[in-house]
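Okay, structure first, notes after.
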Amino acid sequence: LAARADSHHRVFKEDPSERFEDGTLPFISILSVQSGLNLLKSIGVPNIESRTHSLRSYLSHRLSTLKHPHTGSPACIVYGPPSSAPSSSVGSICTFNMLRPAGGFVPYVQVEELAALEGLCLRAGAFCNPGAVQEWLGLSVEDLDMFAKEGKTCGDDKCVIGGKPTGAVRASFGVSSRLRDADRLIEFLVKHFVSRTEGCEDGVEQDEEEEREVEVSGLRIFPIKSCGAQV
């Protein structure tokens with residue numbers, strides 16, 4: 001249920017069978033390993049590293065400069081080495097959280113699920129790495145104890161507890177990623193989470209004087225965290 005990286009403290013689930021990770025081995029992917037290795041060899045690992053690192057640097061720089069126009073406050077916080085860091089110190093992953101105009105954290109699950117509706121695949125949460133989350137999010141032992149007392153568990157939607165984020169959003173680049181993919185992500189984040197209206201708290205513009213009729217055109221359910229929606 002919970003773990004800390006700076007000690008042997010951990011909390012197990014009561015049912016022993018639930019302590020094991022569910023899932024089936026990716027047998028189709030295993031059969032494709034040789035073909036995948038041949039593809040990587042033909043392209044060249046250094047070429048892939050150079051491309052994905054440049055995409056990560058580009059996205060990191062763009063996100064770190066996003067601001068809410070009316071407050072001038074940052075709209076995003078990027079974790080990890082700066083965009084200028086060499087590929088030897090940072091990989092192809094860009095981890096971040098979106099911020100509200102007043103400085104509060106946008107729930108990372110909200111970002112992940114909205115992105116999925118627009119065809120963008122992101123991962124959100126603690127990424128099965130509590131040590132890195134504790135370090136880069138600046139969480140103290142007291143913060144982690146508070147999360148545990150509030151019932152925070154892996155895969156739930158408790159994204160912000162006591163004003164502190166319990167995880168983040170991650171964008172990963174690979175051999176087939178393009179600059180357009182990074183630009184699409186930036187456009188999506190600006191559209192939904194960067195405020196353009198003074199007094200707008202969550203980045204969505206609203207007109208208080210105008211009443212609008214809302215019609216539900218579809219419903220999508222996310223039964224499994226970090227997986228696609230069911231229509």
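Simple scheme: letters A, B, ... for chains in structure tokens order, numbers from 1 for residues in each chain, numbers from 1 for ligands in the order shown.
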
At a cut-off of 9 Å, can you tabulate as a Markdown table every residue of segment 58-113 of chain A near segment 171-192 of chain A together with its closest atom pair and the distance in Å to one decimal, using only C-alpha atoms and ordering rows by chain then number?
```
| residue | atom | partner | partner_atom | distance |
| --- | --- | --- | --- | --- |
| A:Tyr58 | CA | A:Ala182 | CA | 7.9 |
| A:Leu59 | CA | A:Ala182 | CA | 6.1 |
| A:Arg62 | CA | A:Ile186 | CA | 7.7 |
| A:Leu63 | CA | A:Ile186 | CA | 7.3 |
| A:Leu66 | CA | A:Val190 | CA | 8.1 |
| A:Ala75 | CA | A:Val190 | CA | 8.8 |
| A:Ser92 | CA | A:Phe173 | CA | 5.5 |
| A:Ile93 | CA | A:Ser172 | CA | 4.5 |
| A:Cys94 | CA | A:Ala171 | CA | 5.3 |
| A:Thr95 | CA | A:Ala171 | CA | 6.4 |
| A:Phe96 | CA | A:Ala171 | CA | 8.4 |
| A:Met98 | CA | A:Leu189 | CA | 8.2 |
| A:Val111 | CA | A:Leu189 | CA | 8.1 |
```

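All residues of segment 71-208 of chain A that DSSP, run on the backbone, classes as strand (DSSP E or B) are Pro74, Cys76, Ile77, Val78, Tyr79, Ile93, Cys94, Thr95, Phe96, Asn97, Met98, Leu99, Phe105, Arg123, Ala124, Gly125, Val160, Ile161, Lys164, Pro165, Ala168, Val169, Arg170, Ala171 and Ser172 of chain A.
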
So which residues of segment 10-220 of chain A fall under alpha helix (DSSP H) by DSSP, listed as a ChimeraX atom specification? /A:27-31,33-43,45-64,108-117,130-136,141-149,179-193

Quick one: residues within 9 Å of Phe147 of chain A, only C-alpha atoms, excluding same-chain residues fewer than 5 positions away - as a list of chain:residue names? A:Ala2, A:Glu142, A:Lys152, A:Thr153, A:Lys158, A:Ile161, A:Gly162, A:Thr166

Prev. selection, N, CA, C and O atoms, output as a PDB file, in the first residue's frame:
```pdb
ATOM      1  N   ALA A   2       1.990   1.254   0.720  1.00  0.00           N
ATOM      2  CA  ALA A   2       2.819   2.443   0.836  1.00  0.00           C
ATOM      3  C   ALA A   2       4.247   2.034   1.150  1.00  0.00           C
ATOM      4  O   ALA A   2       4.504   0.972   1.718  1.00  0.00           O
ATOM      5  N   GLU A 142       7.300  13.409   6.813  1.00  0.00           N
ATOM      6  CA  GLU A 142       5.995  13.789   7.359  1.00  0.00           C
ATOM      7  C   GLU A 142       4.923  13.820   6.266  1.00  0.00           C
ATOM      8  O   GLU A 142       3.771  13.444   6.512  1.00  0.00           O
ATOM      9  N   LYS A 152      -3.835   7.080   0.970  1.00  0.00           N
ATOM     10  CA  LYS A 152      -3.259   7.085  -0.374  1.00  0.00           C
ATOM     11  C   LYS A 152      -2.700   5.706  -0.715  1.00  0.00           C
ATOM     12  O   LYS A 152      -1.925   5.133   0.044  1.00  0.00           O
ATOM     13  N   THR A 153      -3.119   5.157  -1.860  1.00  0.00           N
ATOM     14  CA  THR A 153      -2.606   3.879  -2.341  1.00  0.00           C
ATOM     15  C   THR A 153      -2.273   3.993  -3.820  1.00  0.00           C
ATOM     16  O   THR A 153      -2.724   4.915  -4.510  1.00  0.00           O
ATOM     17  N   LYS A 158      -6.160  10.089  -5.570  1.00  0.00           N
ATOM     18  CA  LYS A 158      -5.791  11.098  -4.571  1.00  0.00           C
ATOM     19  C   LYS A 158      -4.472  11.740  -5.014  1.00  0.00           C
ATOM     20  O   LYS A 158      -3.395  11.351  -4.587  1.00  0.00           O
ATOM     21  N   ILE A 161      -2.723  15.972  -1.655  1.00  0.00           N
ATOM     22  CA  ILE A 161      -3.124  15.825  -0.253  1.00  0.00           C
ATOM     23  C   ILE A 161      -2.393  16.884   0.560  1.00  0.00           C
ATOM     24  O   ILE A 161      -1.166  16.980   0.516  1.00  0.00           O
ATOM     25  N   GLY A 162      -3.154  17.690   1.277  1.00  0.00           N
ATOM     26  CA  GLY A 162      -2.541  18.737   2.076  1.00  0.00           C
ATOM     27  C   GLY A 162      -1.770  19.740   1.238  1.00  0.00           C
ATOM     28  O   GLY A 162      -0.787  20.317   1.702  1.00  0.00           O
ATOM     29  N   THR A 166       1.007  13.974  -4.898  1.00  0.00           N
ATOM     30  CA  THR A 166       1.412  12.604  -4.578  1.00  0.00           C
ATOM     31  C   THR A 166       2.059  11.915  -5.771  1.00  0.00           C
ATOM     32  O   THR A 166       2.490  10.772  -5.671  1.00  0.00           O
TER      33      THR A 166
END
```

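Closest approach to Glu49 of chain A from the set A:Ala126, A:Leu37, A:Val90, A:Val133 is made by A:Val90, with distances taken over only C-alpha atoms.
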
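The smallest atom-to-atom distance between Ser88 of chain A and any of A:Gly167, A:Pro46, A:Gly218, A:Pro101, using only C-alpha atoms, is found for A:Pro46.
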
Among A:Cys154, A:Ile28, A:Cys121, A:Ala85, His53 of chain A is approached most closely, using only C-alpha atoms, by A:Ala85

Shortest contact to Pro81 of chain A, candidates A:Asn129, A:Ser32, A:Trp136, A:Leu55, atoms counted only C-alpha atoms, goes to A:Trp136
